[in-house]
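Chemist: My structure is below; once you've seen it, I'll send some questions.
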Amino acid sequence: MLAVLKKIWPVVLFCVVWEIACIWLKIPNYIVPPPHRVIEKIVESWSLLYNHSLVSMLEILAGFAVAAIGGVVCAVAMVHSRRIESILEPFLVVSQVIPKVALAPLFIIWFGHGIEPKIIIAALIAFFPVLVNAVVGLRSVDAEIMELMHSIAASRWQIFWRVRLPNSLPYILPALKVAALLSIVGAMVGEFVGSDRGLGYLMIIGDVNLDTDLLFAALAVVTFFGLVLYSLLEIFERRVEKHYGKGNAPQLVTV
Amino acid sequence: MRTKSQPLSFAGDVHPVDDAVAEHLKAAISLKNVDVTFGGDAGPVKAVSNVTLQLHKREFVSIVGRSGCGKSTLLRVIAGLLHPSAGEVAVMGTTAEEARLYRSFGIVFQSNVMLPWLTALENLRLPLEIIGASSIPPRFSPSALLEMVGLKGNEGLYPRQLSGGMRQRVAIARALSFDPPILLMDEPFAAVDALTRQKLHSLLSDICARTQTTVLFITHDVYEAVLLSDRVLVMSEKPGTIEADIKVPFSRPRGPELRSDPTYGALCAKILDLLMSEK
């Protein structure tokens with residue numbers, strides 16, 4: 001408990017300052033509600049928030065899963081074959097240059113107001129960091145380890161399972177953290193553009209009705225969810241790090 | 001000469017066509033007029049030129065030369081990892097490529113290439129797991145090998161928990177884990193400190209005596225080469241070629257007292273002179 005408090009005391013302090021500022025400066029609720037009001041709102045509209053967050057979480061997790069699995073699979077294919085790499089590369093570059101957020105209206109037209117377009121947007125945004133880092137991780141095997149493997153006539157498959165894949169884990173895991181947060185962005189954007197459910201939808205409703213409390217409450221819930229997702233991945237990463245040894249953690253390739 | 005149809009065999013199984021061919025096949029490693037040329041942007045570069053050499057079975061031979069003279073290239077040619085541009089390579093009576101497929105080589109590199117996510121014992125067992133169960137089990141079990149290199153009790157440690165010398169011990173044990181007839185070592189002790197190196201020298205001598213392995217040892221340290229080898233090949237640079245083939249007359253086992261032997265010093269000085277006299 002004390003350890004948690006040690007970590008979050010700046011946040012607590014921030015909330016206290018926020019609360020005091022709202023009272024002193026007489027900031028109206030519809031501009032910035034004080035923290036206690038946000039908490040009240042969360043308690044008040046608990047079932048509403050709960051139902052809508054289920055939708056958002058499903059979109060986020062599904063988008064994240066598609067991005068993570070798709071990114072790694074694509075990376076494996078690209079590392080495996082020069083031809084696949086040369087075929088995929090132009091598409092990947094173009095898909096990277098296109099602002100994916102701007103594709104959201106299009107996906108709404110194509111796939112309707114359900115969760116599918118949100119999953120697609122979330123996956124598209126989160127896909128790239130995973131792909132790029134997985135490619136680097138799979139490729140960055142020490143040349144002498146490869147020679148050692150060849151000297152005992154190891155098959156490509158054996159090299160992949162025993163060397164390349166484990167070697168890429170310290171590269172992929174930090175990328176997954178980034179991907180998780182990006183998939184939240186994707187899902188929210190998708191909900192803003194066109195939806196009738198989800199936390200992003202609640203934020204829009206709060207915005208239109210000048211119900212800033214609701215907006216903040218939804219924001220708090222989605223932030224909390226992001227923190228949980230991030231922490232889980234962090235715990236997983238720490239475990240792997242323990243196995244691999246600290247200090248040789250690779251630099252995350254940013255895109 | 002192509003010896004594709006030759007199985008992994010000893011000279012007794014081979015019907016000699018003539019003495020030269022027989023000699024070529026009898027040796028553990030035999031190179032004849034081997035050239036290696038790399039194509040570069042600035043035109044082809046000859047890394048190895050007209051190298052002819054032979055290693056007999058159970059012989060310990062060192063190649064000394066300055067850095068960049070092509071000794072490591074030569075090692076990769078012998079290991080079947082690199083094709084020579086010209087010349088013939090025979091290893092245990094077959095081609096280098098086939099010898100590689102027969103898993104005839106254990107390799108130890110300068111940098112200790114261990115997989116960081118595997119323990120010492122798991123790293124050591126990796127070649128065995130990749131090769132799979134063979135009909136003839138290796139003479140020494142992984143734990144016996146680990147004991148042989150003096151790492152008993154450290155099985156469960158990860159590479160980062162081992163010192164450079166310990167990692168190199170694991171690398172030697174790993175190279176021998178599947179009982180290859182030939183051990184190729186590419187400057188294995190260049191990255192460890194002098195004291196550790198001395199310990200590893202006597203360890204390597206002991207292990208070679210026990211396992212009866214043929215060793216090709218590449219180094220730029222003349223003293224090390226003379227201490228360990230039956231023969232020392234001196235390699236000149238640009239292009240790399242064998243300049244001299246020097247027999248080391250000292251009997252085994254060789255203790256550290258050999259270092260103070262004047263004949264040892266004289267032999268080392270002679271080889272150093274050869275290396276220094278190059279243009």
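By convention in this document, the chains of the structure tokens carry letters A, B, ... by their order, each chain's residues are numbered from 1, and ligands are numbered from 1 in the order they are shown.
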As a ChimeraX atom specification, please: every residue in stretch 7-249 of chain A that a backbone DSSP assignment puts in alpha helix (DSSP H).
Modeler: /A:7-24,35-44,46-80,82-97,100-111,116-139,143-151,156-159,165-193,199-208,212-244
Chemist: I need the chain B residues near chain A as a ChimeraX atom specification; criterion: at most 7 Å, counting only C-alpha atoms.
Modeler: /B:79,81,100-101,103,105,107,113,116-117,127,130,160
Chemist: How would the residues just picked look written out with N, CA and C atoms as a PDB file, in the first residue's frame?
Modeler:
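Final output, saved to result-v5.pdb:
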ATOM      1  N   ALA B  79      35.285 -24.833 -42.544  1.00  0.00           N
ATOM      2  CA  ALA B  79      34.034 -25.208 -41.874  1.00  0.00           C
ATOM      3  C   ALA B  79      32.875 -25.371 -42.855  1.00  0.00           C
ATOM      4  N   LEU B  81      31.438 -23.003 -44.415  1.00  0.00           N
ATOM      5  CA  LEU B  81      30.544 -21.851 -44.332  1.00  0.00           C
ATOM      6  C   LEU B  81      30.777 -20.899 -45.497  1.00  0.00           C
ATOM      7  N   ARG B 100      30.339 -30.559 -42.997  1.00  0.00           N
ATOM      8  CA  ARG B 100      29.487 -29.691 -42.174  1.00  0.00           C
ATOM      9  C   ARG B 100      28.148 -30.380 -41.911  1.00  0.00           C
ATOM     10  N   LEU B 101      27.590 -30.988 -42.974  1.00  0.00           N
ATOM     11  CA  LEU B 101      26.309 -31.675 -42.804  1.00  0.00           C
ATOM     12  C   LEU B 101      26.449 -32.896 -41.889  1.00  0.00           C
ATOM     13  N   ARG B 103      28.172 -32.814 -39.356  1.00  0.00           N
ATOM     14  CA  ARG B 103      28.509 -32.195 -38.066  1.00  0.00           C
ATOM     15  C   ARG B 103      29.906 -32.590 -37.609  1.00  0.00           C
ATOM     16  N   PHE B 105      32.350 -30.371 -37.280  1.00  0.00           N
ATOM     17  CA  PHE B 105      33.067 -29.240 -36.698  1.00  0.00           C
ATOM     18  C   PHE B 105      32.424 -28.710 -35.428  1.00  0.00           C
ATOM     19  N   ILE B 107      32.883 -25.298 -33.309  1.00  0.00           N
ATOM     20  CA  ILE B 107      33.538 -24.007 -33.511  1.00  0.00           C
ATOM     21  C   ILE B 107      33.508 -23.176 -32.236  1.00  0.00           C
ATOM     22  N   VAL B 113      29.699 -16.318 -27.976  1.00  0.00           N
ATOM     23  CA  VAL B 113      28.348 -16.253 -28.501  1.00  0.00           C
ATOM     24  C   VAL B 113      27.468 -17.262 -27.789  1.00  0.00           C
ATOM     25  N   PRO B 116      21.589 -15.509 -24.573  1.00  0.00           N
ATOM     26  CA  PRO B 116      21.435 -14.952 -23.228  1.00  0.00           C
ATOM     27  C   PRO B 116      20.236 -15.500 -22.463  1.00  0.00           C
ATOM     28  N   TRP B 117      19.279 -16.093 -23.179  1.00  0.00           N
ATOM     29  CA  TRP B 117      18.089 -16.570 -22.476  1.00  0.00           C
ATOM     30  C   TRP B 117      18.205 -18.033 -22.060  1.00  0.00           C
ATOM     31  N   PRO B 127      23.478 -27.518 -29.350  1.00  0.00           N
ATOM     32  CA  PRO B 127      23.818 -28.268 -30.561  1.00  0.00           C
ATOM     33  C   PRO B 127      23.227 -29.678 -30.542  1.00  0.00           C
ATOM     34  N   ILE B 130      19.632 -29.537 -31.428  1.00  0.00           N
ATOM     35  CA  ILE B 130      19.411 -29.239 -32.837  1.00  0.00           C
ATOM     36  C   ILE B 130      19.727 -30.455 -33.699  1.00  0.00           C
ATOM     37  N   ARG B 160      25.036 -13.862 -18.508  1.00  0.00           N
ATOM     38  CA  ARG B 160      25.412 -12.594 -17.890  1.00  0.00           C
ATOM     39  C   ARG B 160      25.975 -12.794 -16.488  1.00  0.00           C
TER      40      ARG B 160
END
Chemist: Using only C-alpha atoms, what does the table of stretch 62-174 of chain B residues within 9 Å of stretch 222-235 of chain B look like, with each row giving the shortest atom pair and its distance in Å to one decimal, sorted by chain and ascending number, as a tab-separated table?
Modeler:
residue	atom	partner	partner_atom	distance
B:Ser62	CA	B:Val232	CA	4.8
B:Ile63	CA	B:Leu233	CA	4.7
B:Val64	CA	B:Val234	CA	5.1
B:Gly65	CA	B:Met235	CA	4.9
B:Arg66	CA	B:Met235	CA	7.9
B:Cys69	CA	B:Met235	CA	7.1
B:Gly70	CA	B:Met235	CA	8.3
B:Lys71	CA	B:Met235	CA	7.4
Chemist: For each of B:Gly153, B:Pro249, B:Gly240, B:Gly68, take the minimum atom-to-atom distance to B:Asn33, counting only C-alpha atoms, then give the residue where this is smallest.
Modeler: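 Counting only C-alpha atoms, the residue closest to B:Asn33 is B:Gly240.
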Chemist: Would you list the contacts of A:Lys118 as a tab-separated table (two decimals) with all heavy atoms, in the first residue's frame, taking every protein, DNA or RNA residue within 9 Å and counting only C-alpha atoms, but skipping same-chain residues closer than 2 positions in sequence?
Modeler:
chain	number	residue	atom	x	y	z
A	56	SER	N	-15.88	-0.60	-25.61
A	56	SER	CA	-14.58	-0.01	-25.95
A	56	SER	C	-13.44	-0.98	-25.69
A	56	SER	O	-12.52	-1.12	-26.48
A	56	SER	CB	-14.34	1.26	-25.14
A	56	SER	OG	-15.25	2.24	-25.55
A	59	GLU	N	-13.15	-3.49	-28.36
A	59	GLU	CA	-12.52	-2.91	-29.55
A	59	GLU	C	-11.02	-2.77	-29.37
A	59	GLU	O	-10.23	-3.13	-30.26
A	59	GLU	CB	-13.11	-1.52	-29.84
A	59	GLU	CG	-14.57	-1.54	-30.26
A	59	GLU	CD	-15.22	-0.17	-30.13
A	59	GLU	OE1	-14.54	0.79	-29.70
A	59	GLU	OE2	-16.42	-0.07	-30.43
A	60	ILE	N	-10.64	-2.26	-28.20
A	60	ILE	CA	-9.21	-2.02	-27.95
A	60	ILE	C	-8.44	-3.33	-27.94
A	60	ILE	O	-7.41	-3.48	-28.60
A	60	ILE	CB	-9.02	-1.28	-26.60
A	60	ILE	CG1	-9.57	0.15	-26.71
A	60	ILE	CG2	-7.56	-1.26	-26.18
A	60	ILE	CD1	-9.78	0.82	-25.38
A	63	GLY	N	-8.39	-4.93	-31.42
A	63	GLY	CA	-7.47	-4.19	-32.29
A	63	GLY	C	-6.03	-4.47	-31.93
A	63	GLY	O	-5.18	-4.70	-32.80
A	104	ALA	N	-10.76	6.80	-40.85
A	104	ALA	CA	-11.86	6.38	-39.99
A	104	ALA	C	-13.24	6.58	-40.63
A	104	ALA	O	-14.06	5.65	-40.64
A	104	ALA	CB	-11.76	7.10	-38.64
A	107	PHE	N	-13.95	3.85	-43.13
A	107	PHE	CA	-14.26	2.55	-42.54
A	107	PHE	C	-15.68	2.53	-41.98
A	107	PHE	O	-16.33	1.48	-41.97
A	107	PHE	CB	-13.26	2.20	-41.45
A	107	PHE	CG	-11.89	1.89	-41.99
A	107	PHE	CD1	-10.76	2.42	-41.40
A	107	PHE	CD2	-11.74	1.05	-43.09
A	107	PHE	CE1	-9.50	2.14	-41.89
A	107	PHE	CE2	-10.48	0.77	-43.59
A	107	PHE	CZ	-9.36	1.31	-43.00
A	108	ILE	N	-16.13	3.69	-41.51
A	108	ILE	CA	-17.50	3.75	-40.99
A	108	ILE	C	-18.49	3.51	-42.15
A	108	ILE	O	-19.46	2.77	-42.01
A	108	ILE	CB	-17.78	5.13	-40.33
A	108	ILE	CG1	-16.80	5.38	-39.18
A	108	ILE	CG2	-19.23	5.22	-39.86
A	108	ILE	CD1	-16.96	4.51	-37.97
A	113	HIS	N	-21.67	1.14	-38.19
A	113	HIS	CA	-21.44	1.74	-36.89
A	113	HIS	C	-21.06	0.74	-35.80
A	113	HIS	O	-20.96	1.10	-34.63
A	113	HIS	CB	-22.68	2.54	-36.45
A	113	HIS	CG	-22.76	3.88	-37.10
A	113	HIS	ND1	-22.82	4.04	-38.47
A	113	HIS	CD2	-22.73	5.13	-36.56
A	113	HIS	CE1	-22.86	5.33	-38.73
A	113	HIS	NE2	-22.81	6.02	-37.60
A	114	GLY	N	-20.88	-0.50	-36.19
A	114	GLY	CA	-20.56	-1.54	-35.20
A	114	GLY	C	-19.13	-1.43	-34.72
A	114	GLY	O	-18.45	-0.41	-34.92
A	115	ILE	N	-18.66	-2.50	-34.08
A	115	ILE	CA	-17.31	-2.45	-33.52
A	115	ILE	C	-16.24	-2.75	-34.57
A	115	ILE	O	-15.08	-2.44	-34.36
A	115	ILE	CB	-17.15	-3.42	-32.32
A	115	ILE	CG1	-17.39	-4.87	-32.75
A	115	ILE	CG2	-18.07	-3.03	-31.18
A	115	ILE	CD1	-16.96	-5.86	-31.68
A	116	GLU	N	-16.63	-3.32	-35.71
A	116	GLU	CA	-15.62	-3.75	-36.69
A	116	GLU	C	-14.72	-2.61	-37.17
A	116	GLU	O	-13.50	-2.75	-37.16
A	116	GLU	CB	-16.28	-4.44	-37.90
A	116	GLU	CG	-17.00	-5.72	-37.58
A	116	GLU	CD	-18.45	-5.49	-37.15
A	116	GLU	OE1	-18.84	-4.32	-36.99
A	116	GLU	OE2	-19.18	-6.48	-36.98
A	120	ILE	N	-10.59	-2.25	-36.75
A	120	ILE	CA	-9.69	-2.08	-37.89
A	120	ILE	C	-8.80	-0.85	-37.70
A	120	ILE	O	-7.58	-0.91	-37.89
A	120	ILE	CB	-10.49	-1.97	-39.21
A	120	ILE	CG1	-11.18	-3.31	-39.50
A	120	ILE	CG2	-9.58	-1.60	-40.37
A	120	ILE	CD1	-12.18	-3.24	-40.63
A	121	ILE	N	-9.40	0.25	-37.29
A	121	ILE	CA	-8.61	1.47	-37.09
A	121	ILE	C	-7.57	1.26	-35.98
A	121	ILE	O	-6.39	1.59	-36.13
A	121	ILE	CB	-9.51	2.67	-36.76
A	121	ILE	CG1	-10.44	2.96	-37.94
A	121	ILE	CG2	-8.68	3.91	-36.45
A	121	ILE	CD1	-11.65	3.78	-37.57
A	122	ALA	N	-8.03	0.69	-34.87
A	122	ALA	CA	-7.12	0.45	-33.75
A	122	ALA	C	-5.96	-0.43	-34.21
A	122	ALA	O	-4.79	-0.14	-33.92
A	122	ALA	CB	-7.87	-0.21	-32.60
A	123	ALA	N	-6.28	-1.50	-34.94
A	123	ALA	CA	-5.24	-2.43	-35.39
A	123	ALA	C	-4.28	-1.75	-36.36
A	123	ALA	O	-3.06	-1.92	-36.26
A	123	ALA	CB	-5.89	-3.65	-36.04
A	186	GLY	N	-6.88	4.50	-31.45
A	186	GLY	CA	-7.64	4.08	-32.62
A	186	GLY	C	-9.10	3.83	-32.31
A	186	GLY	O	-9.99	4.29	-33.04
A	187	ALA	N	-9.34	3.14	-31.21
A	187	ALA	CA	-10.73	2.82	-30.85
A	187	ALA	C	-11.51	4.10	-30.54
A	187	ALA	O	-12.67	4.26	-30.96
A	187	ALA	CB	-10.74	1.87	-29.66
A	188	MET	N	-10.87	5.02	-29.82
A	188	MET	CA	-11.56	6.27	-29.46
A	188	MET	C	-11.88	7.08	-30.72
A	188	MET	O	-12.99	7.59	-30.87
A	188	MET	CB	-10.67	7.11	-28.52
A	188	MET	CG	-10.56	6.56	-27.11
A	188	MET	SD	-12.14	6.37	-26.27
A	188	MET	CE	-12.27	4.60	-26.22
A	189	VAL	N	-10.91	7.18	-31.62
A	189	VAL	CA	-11.13	7.93	-32.85
A	189	VAL	C	-12.29	7.31	-33.63
A	189	VAL	O	-13.19	8.01	-34.11
A	189	VAL	CB	-9.85	7.95	-33.72
A	189	VAL	CG1	-10.16	8.44	-35.13
A	189	VAL	CG2	-8.80	8.84	-33.07
A	190	GLY	N	-12.29	6.02	-33.72
A	190	GLY	CA	-13.36	5.33	-34.42
A	190	GLY	C	-14.71	5.63	-33.82
A	190	GLY	O	-15.70	5.85	-34.53
A	191	GLU	N	-14.77	5.69	-32.50
A	191	GLU	CA	-16.04	5.96	-31.82
A	191	GLU	C	-16.47	7.42	-32.00
A	191	GLU	O	-17.66	7.71	-32.10
A	191	GLU	CB	-15.92	5.62	-30.33
A	191	GLU	CG	-15.89	4.11	-30.10
A	191	GLU	CD	-15.74	3.72	-28.65
A	191	GLU	OE1	-15.56	4.64	-27.80
A	191	GLU	OE2	-15.77	2.52	-28.37
Chemist: Using only C-alpha atoms, determine which residues lie at most 7 Å from B:Phe109, disregarding the query and same-chain residues fewer than 5 positions distant; provide the list as JSON, numbers by chain.
Modeler: {"B": [185, 186, 187, 188]}
Chemist: As an MDAnalysis selection string, list the residues of stretch 21-252 of chain B assigned to strand (DSSP E or B) by DSSP on the backbone atoms of this structure.
Modeler: chainID B and resid 29:38 45:55 60:64 86:91 94:95 105:108 182:186 214:219 231:236 240:247
Chemist: For the residues in the current selection, export C-alpha atoms as a tab-separated table (two decimals), in the first residue's frame.
Modeler:
chain	number	residue	atom	x	y	z
B	29	ILE	CA	41.78	-31.38	-43.08
B	30	SER	CA	43.46	-30.92	-46.44
B	31	LEU	CA	43.54	-27.77	-48.52
B	32	LYS	CA	45.07	-27.61	-51.99
B	33	ASN	CA	45.72	-24.33	-53.76
B	34	VAL	CA	42.76	-22.64	-52.14
B	35	ASP	CA	41.89	-19.10	-53.23
B	36	VAL	CA	39.15	-16.95	-51.77
B	37	THR	CA	38.20	-13.80	-53.64
B	38	PHE	CA	35.55	-11.41	-52.43
B	45	VAL	CA	39.74	-8.58	-53.29
B	46	LYS	CA	41.80	-11.70	-52.84
B	47	ALA	CA	41.59	-12.61	-49.18
B	48	VAL	CA	43.25	-16.00	-49.35
B	49	SER	CA	45.70	-16.99	-52.03
B	50	ASN	CA	47.02	-20.41	-52.97
B	51	VAL	CA	46.83	-22.01	-49.54
B	52	THR	CA	47.88	-25.62	-49.29
B	53	LEU	CA	47.90	-27.24	-45.88
B	54	GLN	CA	47.17	-30.48	-44.12
B	55	LEU	CA	46.13	-31.38	-40.62
B	60	PHE	CA	46.88	-29.45	-33.00
B	61	VAL	CA	47.79	-26.85	-35.60
B	62	SER	CA	47.79	-23.09	-35.18
B	63	ILE	CA	47.65	-20.46	-37.84
B	64	VAL	CA	49.26	-17.21	-36.78
B	86	ALA	CA	39.44	-22.02	-56.43
B	87	GLY	CA	41.20	-25.05	-55.06
B	88	GLU	CA	40.14	-28.15	-53.18
B	89	VAL	CA	39.10	-28.69	-49.62
B	90	ALA	CA	38.84	-32.13	-48.08
B	91	VAL	CA	37.73	-32.73	-44.53
B	94	THR	CA	34.87	-35.66	-47.87
B	95	THR	CA	34.08	-32.12	-48.96
B	105	PHE	CA	33.07	-29.24	-36.70
B	106	GLY	CA	32.86	-27.74	-33.30
B	107	ILE	CA	33.54	-24.01	-33.51
B	108	VAL	CA	34.68	-21.59	-30.83
B	182	ILE	CA	37.46	-31.43	-35.54
B	183	LEU	CA	37.58	-28.37	-33.33
B	184	LEU	CA	37.94	-25.01	-35.07
B	185	MET	CA	38.92	-22.10	-32.86
B	186	ASP	CA	38.95	-18.52	-34.09
B	214	THR	CA	41.93	-32.49	-34.24
B	215	VAL	CA	42.29	-28.77	-33.59
B	216	LEU	CA	42.78	-25.85	-35.93
B	217	PHE	CA	43.57	-22.87	-33.76
B	218	ILE	CA	43.66	-19.37	-35.14
B	219	THR	CA	45.45	-16.67	-33.21
B	231	ARG	CA	52.70	-27.24	-35.75
B	232	VAL	CA	52.44	-23.52	-36.36
B	233	LEU	CA	51.55	-22.15	-39.78
B	234	VAL	CA	52.60	-18.58	-40.39
B	235	MET	CA	50.25	-16.64	-42.61
B	236	SER	CA	51.25	-13.51	-44.48
B	240	GLY	CA	46.76	-14.33	-47.21
B	241	THR	CA	48.99	-17.26	-47.86
B	242	ILE	CA	50.93	-19.75	-45.76
B	243	GLU	CA	54.48	-18.48	-45.43
B	244	ALA	CA	56.00	-21.11	-43.21
B	245	ASP	CA	55.15	-24.41	-41.57
B	246	ILE	CA	57.00	-24.81	-38.30
B	247	LYS	CA	57.09	-27.95	-36.20
Chemist: Give me, as an mmCIF file with N, CA, C and O atoms, in the first residue's frame, all polymer residues having an atom no more than 12 Å from A:Cys15, counting only C-alpha atoms and skipping those fewer than 3 positions away in the same chain.
Modeler:
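Saved to result.cif:
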data_model
loop_
_atom_site.group_PDB
_atom_site.id
_atom_site.type_symbol
_atom_site.label_atom_id
_atom_site.label_comp_id
_atom_site.auth_asym_id
_atom_site.auth_seq_id
_atom_site.Cartn_x
_atom_site.Cartn_y
_atom_site.Cartn_z
ATOM 1 N N ILE A 8 2.269 6.963 -6.520
ATOM 2 C CA ILE A 8 1.210 7.807 -7.088
ATOM 3 C C ILE A 8 1.033 9.136 -6.371
ATOM 4 O O ILE A 8 0.142 9.902 -6.696
ATOM 5 N N TRP A 9 1.901 9.435 -5.384
ATOM 6 C CA TRP A 9 1.691 10.684 -4.641
ATOM 7 C C TRP A 9 1.681 11.935 -5.529
ATOM 8 O O TRP A 9 0.905 12.855 -5.270
ATOM 9 N N PRO A 10 2.478 11.984 -6.608
ATOM 10 C CA PRO A 10 2.380 13.192 -7.447
ATOM 11 C C PRO A 10 0.993 13.353 -8.062
ATOM 12 O O PRO A 10 0.483 14.466 -8.184
ATOM 13 N N VAL A 11 0.386 12.217 -8.405
ATOM 14 C CA VAL A 11 -0.954 12.267 -8.993
ATOM 15 C C VAL A 11 -1.959 12.756 -7.950
ATOM 16 O O VAL A 11 -2.831 13.588 -8.242
ATOM 17 N N VAL A 12 -1.816 12.234 -6.726
ATOM 18 C CA VAL A 12 -2.712 12.641 -5.648
ATOM 19 C C VAL A 12 -2.580 14.141 -5.399
ATOM 20 O O VAL A 12 -3.578 14.878 -5.309
ATOM 21 N N TRP A 18 -5.821 20.572 -8.175
ATOM 22 C CA TRP A 18 -6.928 20.716 -9.128
ATOM 23 C C TRP A 18 -8.216 21.071 -8.389
ATOM 24 O O TRP A 18 -8.935 22.013 -8.733
ATOM 25 N N GLU A 19 -8.484 20.304 -7.324
ATOM 26 C CA GLU A 19 -9.684 20.517 -6.525
ATOM 27 C C GLU A 19 -9.704 21.947 -5.951
ATOM 28 O O GLU A 19 -10.690 22.685 -6.076
ATOM 29 N N ILE A 20 -8.574 22.324 -5.360
ATOM 30 C CA ILE A 20 -8.470 23.655 -4.728
ATOM 31 C C ILE A 20 -8.628 24.744 -5.788
ATOM 32 O O ILE A 20 -9.348 25.737 -5.581
ATOM 33 N N ALA A 21 -7.959 24.520 -6.936
ATOM 34 C CA ALA A 21 -8.010 25.506 -8.021
ATOM 35 C C ALA A 21 -9.446 25.720 -8.482
ATOM 36 O O ALA A 21 -9.883 26.852 -8.718
ATOM 37 N N CYS A 22 -10.214 24.623 -8.596
ATOM 38 C CA CYS A 22 -11.599 24.723 -9.053
ATOM 39 C C CYS A 22 -12.437 25.573 -8.090
ATOM 40 O O CYS A 22 -13.293 26.349 -8.511
ATOM 41 N N PRO A 33 -14.709 20.154 -14.257
ATOM 42 C CA PRO A 33 -15.270 19.706 -12.981
ATOM 43 C C PRO A 33 -14.141 19.339 -12.024
ATOM 44 O O PRO A 33 -13.112 18.827 -12.464
ATOM 45 N N PRO A 34 -14.328 19.600 -10.728
ATOM 46 C CA PRO A 34 -13.299 19.193 -9.760
ATOM 47 C C PRO A 34 -13.266 17.665 -9.645
ATOM 48 O O PRO A 34 -14.257 17.002 -9.970
ATOM 49 N N PRO A 35 -12.141 17.107 -9.182
ATOM 50 C CA PRO A 35 -11.991 15.645 -9.123
ATOM 51 C C PRO A 35 -13.120 14.966 -8.356
ATOM 52 O O PRO A 35 -13.588 13.896 -8.773
ATOM 53 N N HIS A 36 -13.566 15.565 -7.260
ATOM 54 C CA HIS A 36 -14.588 14.867 -6.463
ATOM 55 C C HIS A 36 -15.880 14.717 -7.271
ATOM 56 O O HIS A 36 -16.610 13.745 -7.161
ATOM 57 N N ARG A 37 -16.112 15.700 -8.127
ATOM 58 C CA ARG A 37 -17.317 15.665 -8.976
ATOM 59 C C ARG A 37 -17.201 14.526 -10.000
ATOM 60 O O ARG A 37 -18.178 13.835 -10.297
ATOM 61 N N VAL A 38 -15.976 14.345 -10.537
ATOM 62 C CA VAL A 38 -15.747 13.260 -11.518
ATOM 63 C C VAL A 38 -16.001 11.912 -10.853
ATOM 64 O O VAL A 38 -16.672 11.035 -11.410
ATOM 65 N N ILE A 39 -15.474 11.783 -9.607
ATOM 66 C CA ILE A 39 -15.660 10.515 -8.901
ATOM 67 C C ILE A 39 -17.146 10.282 -8.632
ATOM 68 O O ILE A 39 -17.671 9.178 -8.850
#
Chemist: Give me, as a list in words, all polymer residues having an atom no more than 8 Å from A:Phe192, counting only C-alpha atoms and skipping those fewer than 5 positions away in the same chain.
Modeler: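 My list of contacting residues is Gly200, Tyr201 and Ile204 of chain A.
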Chemist: Give me the residues within 12 Å of B:Asn123 as a ChimeraX atom specification, counting only C-alpha atoms and dropping any in the same chain fewer than 6 places off.
Modeler: /A:145,148,162-163 /B:112-117,129-130,142-143,146,155-159,167-175,177
Chemist: Return the single residue from A:Lys26, A:Arg83, A:His52, A:Lys7 that is closest to A:Ala217, with distances computed using only C-alpha atoms.
Modeler: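 Nearest to A:Ala217: A:His52.
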Chemist: What does the distance from atom CA of B:His220 to atom CA of B:Arg259 come to in Å, to one decimal?
Modeler: 17.4 Å
Chemist: Can you tell me how far atom CA of A:Pro117 sits from atom CA of A:Arg197, in Å to one decimal?
Modeler: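 We find that atom CA of A:Pro117 and atom CA of A:Arg197 lie 12.9 Å from each other.
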Chemist: Which residue gives the smallest distance to A:Lys41 among A:Tyr171, A:Phe14, A:Phe216, A:Phe224, with only C-alpha atoms counted?
Modeler: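 Counting only C-alpha atoms, the residue closest to A:Lys41 is A:Phe216.
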